[in-house]
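Asks: I'm passing along data_21.tsv; it holds TSV, C-alpha atoms.
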chain	number	residue	atom	x	y	z
A	139	MET	CA	2.16	11.79	7.45
A	140	LYS	CA	5.09	13.44	5.65
A	141	GLY	CA	7.30	10.68	4.44
A	142	LEU	CA	8.95	8.61	1.76
A	143	HIS	CA	7.17	6.08	-0.45
A	144	LEU	CA	9.38	3.71	-2.43
A	145	THR	CA	8.09	1.39	-5.13
A	146	ALA	CA	9.86	-1.38	-7.00
A	147	ASP	CA	8.43	-3.50	-9.80
A	148	LEU	CA	10.46	-6.65	-10.39
A	149	ARG	CA	10.64	-8.87	-13.47
A	150	GLY	CA	12.44	-12.08	-14.22
A	151	VAL	CA	11.85	-13.55	-10.76
A	152	ASP	CA	12.03	-17.36	-10.53
A	153	PRO	CA	8.39	-18.48	-10.07
A	154	ALA	CA	9.62	-21.58	-8.21
A	155	LEU	CA	10.86	-19.46	-5.27
A	156	ALA	CA	8.84	-20.29	-2.15
A	157	VAL	CA	8.21	-16.59	-1.47
A	158	MET	CA	6.39	-16.34	-4.81
A	159	ARG	CA	3.73	-18.93	-3.96
A	160	ASP	CA	3.80	-19.73	-0.24
A	161	GLY	CA	2.10	-17.13	1.96
A	162	GLU	CA	3.89	-18.24	5.12
A	163	ALA	CA	7.31	-18.11	3.46
A	164	LEU	CA	6.53	-14.60	2.21
A	165	ALA	CA	5.29	-13.56	5.66
A	166	VAL	CA	8.51	-14.81	7.28
A	167	LEU	CA	10.60	-12.91	4.74
A	168	CYS	CA	8.62	-9.72	5.35
A	169	ARG	CA	8.71	-9.99	9.17
A	170	GLU	CA	12.46	-10.59	9.20
A	171	ALA	CA	13.21	-7.84	6.68
A	172	VAL	CA	11.04	-5.32	8.59
A	173	ALA	CA	12.77	-6.12	11.88
A	174	GLN	CA	16.23	-6.14	10.30
A	175	ALA	CA	15.59	-2.68	8.87
A	176	GLY	CA	14.67	-1.36	12.30
A	177	LEU	CA	10.98	-0.82	11.47
A	178	THR	CA	8.04	-1.98	13.61
A	179	GLY	CA	5.34	-4.31	12.28
A	180	VAL	CA	2.02	-3.99	14.12
A	181	ALA	CA	-0.27	-6.26	12.04
A	182	GLU	CA	-0.14	-8.29	8.83
A	183	LEU	CA	-2.37	-9.89	6.23
A	184	PHE	CA	-1.38	-12.33	3.50
A	185	HIS	CA	-3.87	-13.56	0.90
A	186	ARG	CA	-3.28	-16.27	-1.67
A	187	PHE	CA	-5.39	-16.13	-4.76
A	188	ALA	CA	-7.33	-19.24	-5.77
A	189	PRO	CA	-6.73	-21.69	-7.28
A	190	ALA	CA	-3.83	-22.39	-4.93
A	191	ASP	CA	-1.51	-23.90	-7.53
A	192	ALA	CA	1.87	-22.90	-8.85
A	193	GLN	CA	0.27	-20.10	-10.85
A	194	SER	CA	-1.42	-18.41	-7.88
A	195	GLY	CA	0.11	-15.23	-6.58
A	196	ILE	CA	0.04	-13.73	-3.10
A	197	THR	CA	-0.86	-10.28	-1.89
A	198	GLY	CA	0.62	-9.34	1.46
A	199	VAL	CA	0.72	-6.30	3.66
A	200	VAL	CA	2.54	-5.52	6.87
A	201	LEU	CA	1.14	-2.54	8.72
A	202	LEU	CA	4.01	-0.64	10.28
A	203	ALA	CA	4.09	1.81	13.14
A	204	GLU	CA	5.78	3.92	10.45
A	205	SER	CA	3.08	3.26	7.71
A	206	HIS	CA	3.08	0.10	5.51
A	207	LEU	CA	4.73	-2.51	3.32
A	208	ALA	CA	2.73	-4.07	0.47
A	209	ILE	CA	3.76	-6.92	-1.84
A	210	HIS	CA	2.06	-8.58	-4.79
A	211	THR	CA	3.60	-11.66	-6.41
A	212	TRP	CA	2.76	-12.81	-9.93
A	213	PRO	CA	4.36	-16.24	-10.42
A	214	GLU	CA	2.72	-16.60	-13.84
A	215	LEU	CA	4.60	-13.48	-14.99
A	216	GLY	CA	7.75	-13.85	-12.90
A	217	GLY	CA	6.88	-10.49	-11.43
A	218	VAL	CA	6.64	-8.81	-8.02
A	219	THR	CA	5.54	-5.32	-7.00
A	220	LEU	CA	6.79	-3.80	-3.74
A	221	ASP	CA	5.67	-0.70	-1.83
A	222	VAL	CA	7.43	0.66	1.25
A	223	TYR	CA	5.89	3.80	2.72
A	224	VAL	CA	7.34	5.29	5.90
A	225	CYS	CA	6.23	8.48	7.56
A	226	ASN	CA	8.89	10.67	9.08
A	227	TYR	CA	6.85	11.72	12.09
A	228	GLY	CA	9.26	12.07	14.99
A	229	ALA	CA	12.22	10.60	13.14
A	230	ASP	CA	13.55	10.32	9.59
A	231	ASN	CA	12.89	6.71	8.57
A	232	SER	CA	14.11	7.10	4.98
A	233	ALA	CA	17.26	5.03	5.46
A	234	LYS	CA	15.24	2.24	7.06
A	235	ALA	CA	12.79	2.27	4.14
A	236	GLU	CA	15.66	2.00	1.71
A	237	ALA	CA	17.23	-0.86	3.68
A	238	LEU	CA	13.90	-2.75	3.73
A	239	MET	CA	13.39	-2.27	0.00
A	240	ARG	CA	16.94	-3.38	-0.75
A	241	ALA	CA	16.55	-6.54	1.35
A	242	LEU	CA	13.28	-7.47	-0.35
A	243	ILE	CA	14.61	-6.88	-3.86
A	244	ASP	CA	17.65	-9.00	-3.04
A	245	ALA	CA	15.43	-11.83	-1.73
A	246	PHE	CA	13.54	-12.04	-5.03
A	247	ALA	CA	16.72	-11.83	-7.15
A	248	PRO	CA	15.00	-10.26	-10.18
A	249	VAL	CA	16.53	-9.93	-13.63
A	250	SER	CA	15.31	-6.34	-13.85
A	251	VAL	CA	13.67	-3.76	-11.61
A	252	SER	CA	11.80	-0.49	-12.07
A	253	ARG	CA	12.03	1.75	-9.00
A	254	GLN	CA	10.22	4.97	-8.17
A	255	SER	CA	10.30	7.27	-5.16
A	256	LEU	CA	7.59	9.64	-3.93
A	257	ILE	CA	7.74	12.31	-1.26
A	258	ARG	CA	4.36	12.09	0.51
A	259	ALA	CA	2.43	15.02	1.95
A	260	ALA	CA	5.14	17.55	1.11
A	261	ALA	CA	2.74	20.14	-0.28
A	262	SER	CA	-0.94	20.40	-1.01
A	263	THR	CA	-3.39	22.38	-3.07
A	264	PRO	CA	-6.97	23.39	-2.24
A	265	ALA	CA	-9.40	20.47	-2.62
A	266	VAL	CA	-12.11	21.12	-5.19
B	252	MET	CA	1.33	-6.20	-12.63
B	253	LYS	CA	1.30	-3.25	-15.02
B	254	GLY	CA	-1.07	-0.73	-13.60
B	255	LEU	CA	-1.91	2.62	-12.12
B	256	HIS	CA	-1.02	3.72	-8.58
B	257	LEU	CA	-2.76	6.84	-7.30
B	258	THR	CA	-1.82	8.58	-4.06
B	259	ALA	CA	-3.57	11.43	-2.26
B	260	ASP	CA	-2.39	13.16	0.92
B	261	LEU	CA	-5.16	15.11	2.60
B	262	ARG	CA	-4.93	17.99	5.07
B	263	GLY	CA	-7.51	19.94	6.96
B	264	VAL	CA	-9.73	16.93	7.64
B	265	ASP	CA	-12.10	17.27	10.61
B	266	PRO	CA	-10.61	14.98	13.31
B	267	ALA	CA	-14.09	14.46	14.75
B	268	LEU	CA	-15.21	12.51	11.67
B	269	ALA	CA	-15.97	8.90	12.64
B	270	VAL	CA	-13.83	7.58	9.75
B	271	MET	CA	-10.80	9.30	11.30
B	272	ARG	CA	-10.97	7.39	14.60
B	273	ASP	CA	-13.38	4.45	14.30
B	274	GLY	CA	-11.96	1.40	12.52
B	275	GLU	CA	-15.37	-0.07	11.74
B	276	ALA	CA	-16.65	3.20	10.28
B	277	LEU	CA	-13.53	3.41	8.11
B	278	ALA	CA	-13.93	-0.23	7.04
B	279	VAL	CA	-17.55	0.37	6.01
B	280	LEU	CA	-16.54	3.43	3.98
B	281	CYS	CA	-13.78	1.46	2.24
B	282	ARG	CA	-15.96	-1.59	1.49
B	283	GLU	CA	-18.74	0.54	0.05
B	284	ALA	CA	-16.40	2.74	-1.99
B	285	VAL	CA	-14.57	-0.31	-3.40
B	286	ALA	CA	-17.84	-1.96	-4.44
B	287	GLN	CA	-19.28	1.26	-5.82
B	288	ALA	CA	-16.19	1.72	-7.99
B	289	GLY	CA	-16.63	-1.78	-9.43
B	290	LEU	CA	-13.51	-3.20	-7.77
B	291	THR	CA	-13.33	-6.48	-5.82
B	292	GLY	CA	-12.20	-6.65	-2.19
B	293	VAL	CA	-10.80	-10.06	-1.18
B	294	ALA	CA	-9.51	-9.38	2.36
B	295	GLU	CA	-9.09	-6.45	4.74
B	296	LEU	CA	-7.20	-5.37	7.83
B	297	PHE	CA	-7.79	-2.31	10.00
B	298	HIS	CA	-5.53	-1.44	12.92
B	299	ARG	CA	-6.11	1.28	15.48
B	300	PHE	CA	-3.06	2.62	17.18
B	301	ALA	CA	-3.01	2.73	20.98
B	302	PRO	CA	-3.98	4.59	23.07
B	303	ALA	CA	-7.47	4.33	21.60
B	304	ASP	CA	-8.49	7.90	22.28
B	305	ALA	CA	-9.46	10.76	20.02
B	306	GLN	CA	-5.81	11.22	19.03
B	307	SER	CA	-5.31	7.66	17.78
B	308	GLY	CA	-5.19	7.10	14.07
B	309	ILE	CA	-6.10	4.05	12.02
B	310	THR	CA	-4.22	2.18	9.34
B	311	GLY	CA	-6.38	0.15	7.00
B	312	VAL	CA	-5.87	-1.92	3.89
B	313	VAL	CA	-8.28	-3.64	1.56
B	314	LEU	CA	-6.65	-6.26	-0.61
B	315	LEU	CA	-8.27	-6.14	-4.03
B	316	ALA	CA	-8.42	-8.71	-6.78
B	317	GLU	CA	-6.94	-5.79	-8.74
B	318	SER	CA	-4.16	-4.96	-6.13
B	319	HIS	CA	-4.78	-2.81	-3.01
B	320	LEU	CA	-6.19	0.18	-1.18
B	321	ALA	CA	-4.29	1.58	1.83
B	322	ILE	CA	-5.36	4.37	4.19
B	323	HIS	CA	-3.67	6.02	7.15
B	324	THR	CA	-5.55	8.54	9.28
B	325	TRP	CA	-3.85	11.09	11.54
B	326	PRO	CA	-6.54	12.77	13.65
B	327	GLU	CA	-3.93	14.71	15.61
B	328	LEU	CA	-2.81	16.35	12.35
B	329	GLY	CA	-6.15	16.44	10.53
B	330	GLY	CA	-4.44	14.38	7.83
B	331	VAL	CA	-5.10	11.27	5.76
B	332	THR	CA	-2.97	9.43	3.20
B	333	LEU	CA	-4.61	7.29	0.52
B	334	ASP	CA	-3.13	4.75	-1.91
B	335	VAL	CA	-5.11	3.05	-4.66
B	336	TYR	CA	-3.11	0.65	-6.82
B	337	VAL	CA	-4.85	-1.31	-9.57
B	338	CYS	CA	-3.21	-3.64	-12.01
B	339	ASN	CA	-4.51	-3.64	-15.54
B	340	TYR	CA	-4.12	-7.37	-16.08
B	341	GLY	CA	-6.99	-8.46	-18.31
B	342	ALA	CA	-8.79	-5.10	-18.19
B	343	ASP	CA	-7.97	-1.41	-17.79
B	344	ASN	CA	-9.04	-0.56	-14.24
B	345	SER	CA	-7.76	3.03	-14.32
B	346	ALA	CA	-11.21	4.62	-14.36
B	347	LYS	CA	-12.28	2.46	-11.40
B	348	ALA	CA	-9.17	3.51	-9.46
B	349	GLU	CA	-9.93	7.15	-10.14
B	350	ALA	CA	-13.56	6.70	-9.06
B	351	LEU	CA	-12.48	5.01	-5.82
B	352	MET	CA	-9.96	7.74	-5.05
B	353	ARG	CA	-12.51	10.47	-5.78
B	354	ALA	CA	-15.11	8.86	-3.49
B	355	LEU	CA	-12.62	8.53	-0.63
B	356	ILE	CA	-11.34	12.08	-0.94
B	357	ASP	CA	-14.94	13.35	-0.96
B	358	ALA	CA	-15.74	11.33	2.18
B	359	PHE	CA	-12.93	13.01	4.13
B	360	ALA	CA	-13.80	16.52	2.82
B	361	PRO	CA	-10.23	17.86	3.17
B	362	VAL	CA	-9.27	21.52	2.94
B	363	SER	CA	-6.35	20.63	0.68
B	364	VAL	CA	-4.99	17.60	-1.15
B	365	SER	CA	-1.71	16.57	-2.75
B	366	ARG	CA	-2.20	13.94	-5.46
B	367	GLN	CA	0.37	11.88	-7.37
B	368	SER	CA	0.04	9.21	-10.04
B	369	LEU	CA	2.49	6.42	-10.89
B	370	ILE	CA	2.51	4.04	-13.81
B	371	ARG	CA	3.65	0.72	-12.31
B	372	ALA	CA	5.81	-1.88	-14.08
B	373	ALA	CA	5.90	0.06	-17.34
B	374	ALA	CA	9.62	-0.37	-17.91
B	375	SER	CA	12.53	-1.88	-16.04
B	376	THR	CA	16.28	-1.81	-15.90
B	377	PRO	CA	18.73	-4.59	-15.09
B	378	ALA	CA	18.89	-5.34	-11.38
B	379	VAL	CA	22.33	-4.85	-9.86
Reformat the file's structure so that it appears as structure tokens.
Replies:
Amino acid sequence: MKGLHLTADLRGVDPALAVMRDGEALAVLCREAVAQAGLTGVAELFHRFAPADAQSGITGVVLLAESHLAIHTWPELGGVTLDVYVCNYGADNSAKAEALMRALIDAFAPVSVSRQSLIRAAASTPAV
Amino acid sequence: MKGLHLTADLRGVDPALAVMRDGEALAVLCREAVAQAGLTGVAELFHRFAPADAQSGITGVVLLAESHLAIHTWPELGGVTLDVYVCNYGADNSAKAEALMRALIDAFAPVSVSRQSLIRAAASTPAV
């Protein structure tokens, strides 16, 4: 469960990009980027919000053997949020997480991006 | 896309709890906690890792109208990681996110917890 969680919040993404509105196009991008990064997808779910017009965004997740990838697109705002969480159980997957995040950011070609990085399960305090 | 992303990494969870090993039990917990918090689930996916014995964990996600909930259980480590991300598009869902996280942590009754909180899409820098 120890691992690296990367987030990226993108702005200025062209809402006409297929991956912003087409669930299958987004799924193909995610599958290819996961495989290219050397990570292992085990299940996936993509949901398009109604009404299914040019303003409707998609939420998608790919469950990974190493944890998960989550994407939300907001065509009406030209925005995308990305989460890549990889556990480092057995191997350090940090470089693969970074490669996956980089590939996804590049695919959306945003004008600007806000990135954050969390170390997961590094320390804990008593639950109250 | 602006919103609040809460994470909690739990340790010292009883691996014999049904929600640690039984995908349907975990799904029921998530559905009820989402509804109780006043959030709206739109789709879900729960995956149990093979071999399906007492050592196999579950990865689950509930896609929300407000963004997503993601859970990974690690019975072999007595650990659980939780992510609750809510956008505040149209309404401030921060209190609902906190209520959902609190309910889930309570359900797992961990010995210790490591929590983090991210503000998503608050600011951005030029993409390079």
Asks: Return the single residue from A:Ser255, A:Thr197, A:Ser250, A:Thr219 that is closest to Glu236 (chain A), with distances computed using all atoms listed in the file.
Replies: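 Checking each candidate against Glu236 (chain A), we get A:Ser255 as the closest.
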Asks: Taking all atoms listed in the file into account, report as JSON, numbers by chain which residues of chain A lie within 8 Å of chain B.
Replies: {"A": [139, 147, 148, 149, 181, 182, 183, 185, 197, 199, 201, 205, 210, 212, 217, 218, 219, 248, 249, 250, 251, 252, 253, 258, 259, 260, 261, 262, 263, 264, 265]}
Asks: Tell me, in Å to one decimal, how far CA of Val222 (chain A) is from CA of Leu238 (chain A).
Replies: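 If I compute the distance from CA of Val222 (chain A) to CA of Leu238 (chain A), I get 7.7 Å.
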Asks: Onto chain A, please fit chain B by least squares using all C-alpha atoms in order, then return the transformed chain as a CSV table (one decimal) with C-alpha atoms, in the frame of the given file.
Replies:
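Once everything was written out, this is result01.csv:
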chain,number,residue,atom,x,y,z
B,252,MET,CA,2.2,11.8,7.5
B,253,LYS,CA,5.1,13.4,5.6
B,254,GLY,CA,7.3,10.7,4.4
B,255,LEU,CA,8.9,8.6,1.8
B,256,HIS,CA,7.2,6.1,-0.5
B,257,LEU,CA,9.4,3.7,-2.4
B,258,THR,CA,8.1,1.4,-5.1
B,259,ALA,CA,9.9,-1.4,-7.0
B,260,ASP,CA,8.4,-3.5,-9.8
B,261,LEU,CA,10.5,-6.7,-10.4
B,262,ARG,CA,10.6,-8.9,-13.5
B,263,GLY,CA,12.4,-12.1,-14.2
B,264,VAL,CA,11.9,-13.6,-10.8
B,265,ASP,CA,12.0,-17.4,-10.5
B,266,PRO,CA,8.4,-18.5,-10.1
B,267,ALA,CA,9.6,-21.6,-8.2
B,268,LEU,CA,10.9,-19.5,-5.3
B,269,ALA,CA,8.8,-20.3,-2.2
B,270,VAL,CA,8.2,-16.6,-1.5
B,271,MET,CA,6.4,-16.3,-4.8
B,272,ARG,CA,3.7,-18.9,-4.0
B,273,ASP,CA,3.8,-19.7,-0.2
B,274,GLY,CA,2.1,-17.1,2.0
B,275,GLU,CA,3.9,-18.2,5.1
B,276,ALA,CA,7.3,-18.1,3.5
B,277,LEU,CA,6.5,-14.6,2.2
B,278,ALA,CA,5.3,-13.6,5.7
B,279,VAL,CA,8.5,-14.8,7.3
B,280,LEU,CA,10.6,-12.9,4.7
B,281,CYS,CA,8.6,-9.7,5.4
B,282,ARG,CA,8.7,-10.0,9.2
B,283,GLU,CA,12.4,-10.6,9.2
B,284,ALA,CA,13.2,-7.8,6.7
B,285,VAL,CA,11.0,-5.3,8.6
B,286,ALA,CA,12.8,-6.1,11.9
B,287,GLN,CA,16.2,-6.1,10.3
B,288,ALA,CA,15.6,-2.7,8.9
B,289,GLY,CA,14.7,-1.4,12.3
B,290,LEU,CA,11.0,-0.8,11.5
B,291,THR,CA,8.0,-2.0,13.6
B,292,GLY,CA,5.3,-4.3,12.3
B,293,VAL,CA,2.0,-4.0,14.1
B,294,ALA,CA,-0.3,-6.2,12.0
B,295,GLU,CA,-0.1,-8.3,8.8
B,296,LEU,CA,-2.4,-9.9,6.2
B,297,PHE,CA,-1.4,-12.3,3.5
B,298,HIS,CA,-3.9,-13.6,0.9
B,299,ARG,CA,-3.3,-16.3,-1.7
B,300,PHE,CA,-5.4,-16.1,-4.7
B,301,ALA,CA,-7.3,-19.2,-5.8
B,302,PRO,CA,-6.7,-21.7,-7.3
B,303,ALA,CA,-3.9,-22.4,-4.9
B,304,ASP,CA,-1.5,-23.9,-7.5
B,305,ALA,CA,1.8,-22.9,-8.8
B,306,GLN,CA,0.2,-20.1,-10.8
B,307,SER,CA,-1.4,-18.4,-7.9
B,308,GLY,CA,0.1,-15.2,-6.6
B,309,ILE,CA,0.0,-13.7,-3.1
B,310,THR,CA,-0.9,-10.3,-1.9
B,311,GLY,CA,0.6,-9.3,1.5
B,312,VAL,CA,0.7,-6.3,3.7
B,313,VAL,CA,2.5,-5.5,6.9
B,314,LEU,CA,1.1,-2.5,8.7
B,315,LEU,CA,4.0,-0.6,10.3
B,316,ALA,CA,4.1,1.8,13.1
B,317,GLU,CA,5.8,3.9,10.5
B,318,SER,CA,3.1,3.2,7.7
B,319,HIS,CA,3.1,0.1,5.5
B,320,LEU,CA,4.7,-2.5,3.3
B,321,ALA,CA,2.7,-4.1,0.5
B,322,ILE,CA,3.8,-6.9,-1.8
B,323,HIS,CA,2.1,-8.6,-4.8
B,324,THR,CA,3.6,-11.7,-6.4
B,325,TRP,CA,2.8,-12.8,-9.9
B,326,PRO,CA,4.4,-16.3,-10.4
B,327,GLU,CA,2.7,-16.6,-13.9
B,328,LEU,CA,4.6,-13.5,-15.0
B,329,GLY,CA,7.8,-13.9,-12.9
B,330,GLY,CA,6.9,-10.5,-11.4
B,331,VAL,CA,6.6,-8.8,-8.0
B,332,THR,CA,5.6,-5.3,-7.0
B,333,LEU,CA,6.8,-3.8,-3.7
B,334,ASP,CA,5.7,-0.7,-1.8
B,335,VAL,CA,7.4,0.6,1.3
B,336,TYR,CA,5.9,3.8,2.7
B,337,VAL,CA,7.3,5.3,5.9
B,338,CYS,CA,6.2,8.5,7.6
B,339,ASN,CA,8.9,10.6,9.1
B,340,TYR,CA,6.8,11.7,12.1
B,341,GLY,CA,9.2,12.1,15.0
B,342,ALA,CA,12.2,10.6,13.1
B,343,ASP,CA,13.6,10.3,9.6
B,344,ASN,CA,12.9,6.7,8.6
B,345,SER,CA,14.1,7.1,5.0
B,346,ALA,CA,17.3,5.0,5.5
B,347,LYS,CA,15.2,2.2,7.1
B,348,ALA,CA,12.8,2.3,4.1
B,349,GLU,CA,15.7,2.0,1.7
B,350,ALA,CA,17.2,-0.9,3.7
B,351,LEU,CA,13.9,-2.7,3.7
B,352,MET,CA,13.4,-2.3,0.0
B,353,ARG,CA,17.0,-3.4,-0.8
B,354,ALA,CA,16.6,-6.5,1.3
B,355,LEU,CA,13.3,-7.5,-0.4
B,356,ILE,CA,14.6,-6.9,-3.9
B,357,ASP,CA,17.7,-9.0,-3.0
B,358,ALA,CA,15.4,-11.8,-1.7
B,359,PHE,CA,13.5,-12.0,-5.0
B,360,ALA,CA,16.7,-11.8,-7.2
B,361,PRO,CA,15.0,-10.3,-10.2
B,362,VAL,CA,16.5,-9.9,-13.6
B,363,SER,CA,15.3,-6.3,-13.9
B,364,VAL,CA,13.7,-3.7,-11.6
B,365,SER,CA,11.8,-0.5,-12.1
B,366,ARG,CA,12.0,1.7,-9.0
B,367,GLN,CA,10.2,5.0,-8.2
B,368,SER,CA,10.3,7.3,-5.2
B,369,LEU,CA,7.6,9.6,-3.9
B,370,ILE,CA,7.7,12.3,-1.3
B,371,ARG,CA,4.4,12.1,0.5
B,372,ALA,CA,2.4,15.0,2.0
B,373,ALA,CA,5.1,17.5,1.1
B,374,ALA,CA,2.8,20.1,-0.3
B,375,SER,CA,-0.9,20.4,-1.0
B,376,THR,CA,-3.4,22.4,-3.1
B,377,PRO,CA,-7.0,23.4,-2.2
B,378,ALA,CA,-9.4,20.5,-2.6
B,379,VAL,CA,-12.1,21.1,-5.1
Asks: Could you tell me how far CA of Glu283 (chain B) lies from CA of Leu164 (chain A), in Å and to one decimal?
Replies: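 One can read the CA of Glu283 (chain B) to CA of Leu164 (chain A) distance as 29.5 Å.
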Asks: How far is it from CA of Asp334 (chain B) to CA of Leu257 (chain B), in Å with one decimal?
Replies: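 According to the coordinates, CA of Asp334 (chain B) and CA of Leu257 (chain B) are separated by 5.8 Å.
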Asks: Counting only C-alpha atoms, what is within 9 Å of Pro266 (chain B), bar same-chain residues fewer than 2 positions away, as an MDAnalysis selection string?
Replies: chainID B and resid 263:264 268:272 305:306 325:330
Asks: I need the chosen residues saved as a compact mmCIF listing (two decimals), in the coordinates of the input, with C-alpha atoms.
Replies:
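Okay, selection_9.txt is ready:
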# COMPACT_ATOMS: atom_id res chain seq x y z
CA GLY B 263 -7.51 19.94 6.96
CA VAL B 264 -9.73 16.93 7.64
CA LEU B 268 -15.21 12.51 11.67
CA ALA B 269 -15.97 8.90 12.64
CA VAL B 270 -13.83 7.58 9.75
CA MET B 271 -10.80 9.30 11.30
CA ARG B 272 -10.97 7.39 14.60
CA ALA B 305 -9.46 10.76 20.02
CA GLN B 306 -5.81 11.22 19.03
CA TRP B 325 -3.85 11.09 11.54
CA PRO B 326 -6.54 12.77 13.65
CA GLU B 327 -3.93 14.71 15.61
CA LEU B 328 -2.81 16.35 12.35
CA GLY B 329 -6.15 16.44 10.53
CA GLY B 330 -4.44 14.38 7.83
Asks: Between B:Glu317, B:Ala301, B:Ser307, B:Cys281, which has the minimum distance to Lys347 (chain B) (counting only C-alpha atoms)?
Replies: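 Residue with the minimum atom-to-atom distance to Lys347 (chain B): B:Glu317.
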Asks: List the neighbours of Ala350 (chain B) out to 9 Å using all atoms listed in the file; skip same-chain residues closer than 6 positions along the sequence, and give me the result as a PyMOL selection string.
Replies: chain B and resi 284+287-288
Asks: Might I get the box with edges along x, y and z of the file that holds all atoms of region 160-166 of chain A listed there, padded by 3 Å on every side, given as centre and edge lengths in Å to one decimal, as JSON?
Replies:
{"center_x": 5.3, "center_y": -16.6, "center_z": 3.5, "size_x": 12.4, "size_y": 12.2, "size_z": 13.5}
Asks: Starting from the sparse input, extend region 224-230 of chain A to all heavy atoms and give the output as a PDB file, keeping the file's coordinate frame.
Replies:
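Result file selection_33.pdb:
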ATOM      1  N   VAL A 224       7.054   4.954   4.498  1.00  0.00           N
ATOM      2  CA  VAL A 224       7.340   5.290   5.900  1.00  0.00           C
ATOM      3  C   VAL A 224       7.099   6.771   6.108  1.00  0.00           C
ATOM      4  O   VAL A 224       7.505   7.618   5.316  1.00  0.00           O
ATOM      5  CB  VAL A 224       8.798   4.968   6.317  1.00  0.00           C
ATOM      6  CG1 VAL A 224       9.059   3.480   6.282  1.00  0.00           C
ATOM      7  CG2 VAL A 224       9.822   5.729   5.493  1.00  0.00           C
ATOM      8  N   CYS A 225       6.372   7.083   7.177  1.00  0.00           N
ATOM      9  CA  CYS A 225       6.230   8.480   7.560  1.00  0.00           C
ATOM     10  C   CYS A 225       7.484   8.871   8.338  1.00  0.00           C
ATOM     11  O   CYS A 225       8.212   8.032   8.874  1.00  0.00           O
ATOM     12  CB  CYS A 225       4.996   8.668   8.424  1.00  0.00           C
ATOM     13  SG  CYS A 225       5.031   7.715   9.931  1.00  0.00           S
ATOM     14  N   ASN A 226       7.719  10.151   8.348  1.00  0.00           N
ATOM     15  CA  ASN A 226       8.890  10.670   9.080  1.00  0.00           C
ATOM     16  C   ASN A 226       8.420  11.551  10.214  1.00  0.00           C
ATOM     17  O   ASN A 226       8.886  12.671  10.388  1.00  0.00           O
ATOM     18  CB  ASN A 226       9.811  11.412   8.106  1.00  0.00           C
ATOM     19  CG  ASN A 226      10.493  10.468   7.141  1.00  0.00           C
ATOM     20  OD1 ASN A 226      10.826   9.338   7.505  1.00  0.00           O
ATOM     21  ND2 ASN A 226      10.688  10.911   5.916  1.00  0.00           N
ATOM     22  N   TYR A 227       7.474  11.008  10.977  1.00  0.00           N
ATOM     23  CA  TYR A 227       6.850  11.720  12.090  1.00  0.00           C
ATOM     24  C   TYR A 227       7.661  11.381  13.331  1.00  0.00           C
ATOM     25  O   TYR A 227       7.617  10.258  13.826  1.00  0.00           O
ATOM     26  CB  TYR A 227       5.416  11.208  12.223  1.00  0.00           C
ATOM     27  CG  TYR A 227       4.526  11.951  13.186  1.00  0.00           C
ATOM     28  CD1 TYR A 227       4.310  13.314  13.070  1.00  0.00           C
ATOM     29  CD2 TYR A 227       3.853  11.263  14.186  1.00  0.00           C
ATOM     30  CE1 TYR A 227       3.458  13.981  13.935  1.00  0.00           C
ATOM     31  CE2 TYR A 227       3.003  11.920  15.066  1.00  0.00           C
ATOM     32  CZ  TYR A 227       2.812  13.287  14.930  1.00  0.00           C
ATOM     33  OH  TYR A 227       1.963  13.938  15.784  1.00  0.00           O
ATOM     34  N   GLY A 228       8.452  12.328  13.800  1.00  0.00           N
ATOM     35  CA  GLY A 228       9.260  12.070  14.990  1.00  0.00           C
ATOM     36  C   GLY A 228      10.681  11.678  14.663  1.00  0.00           C
ATOM     37  O   GLY A 228      11.584  11.960  15.431  1.00  0.00           O
ATOM     38  N   ALA A 229      10.874  11.004  13.521  1.00  0.00           N
ATOM     39  CA  ALA A 229      12.220  10.600  13.140  1.00  0.00           C
ATOM     40  C   ALA A 229      12.238  10.408  11.626  1.00  0.00           C
ATOM     41  O   ALA A 229      11.209  10.136  11.015  1.00  0.00           O
ATOM     42  CB  ALA A 229      12.606   9.291  13.829  1.00  0.00           C
ATOM     43  N   ASP A 230      13.416  10.542  11.023  1.00  0.00           N
ATOM     44  CA  ASP A 230      13.550  10.320   9.590  1.00  0.00           C
ATOM     45  C   ASP A 230      13.802   8.826   9.352  1.00  0.00           C
ATOM     46  O   ASP A 230      14.873   8.316   9.677  1.00  0.00           O
ATOM     47  CB  ASP A 230      14.703  11.151   9.027  1.00  0.00           C
ATOM     48  CG  ASP A 230      14.785  11.035   7.508  1.00  0.00           C
ATOM     49  OD1 ASP A 230      14.165  10.114   6.930  1.00  0.00           O
ATOM     50  OD2 ASP A 230      15.475  11.864   6.896  1.00  0.00           O
TER      51      ASP A 230
END
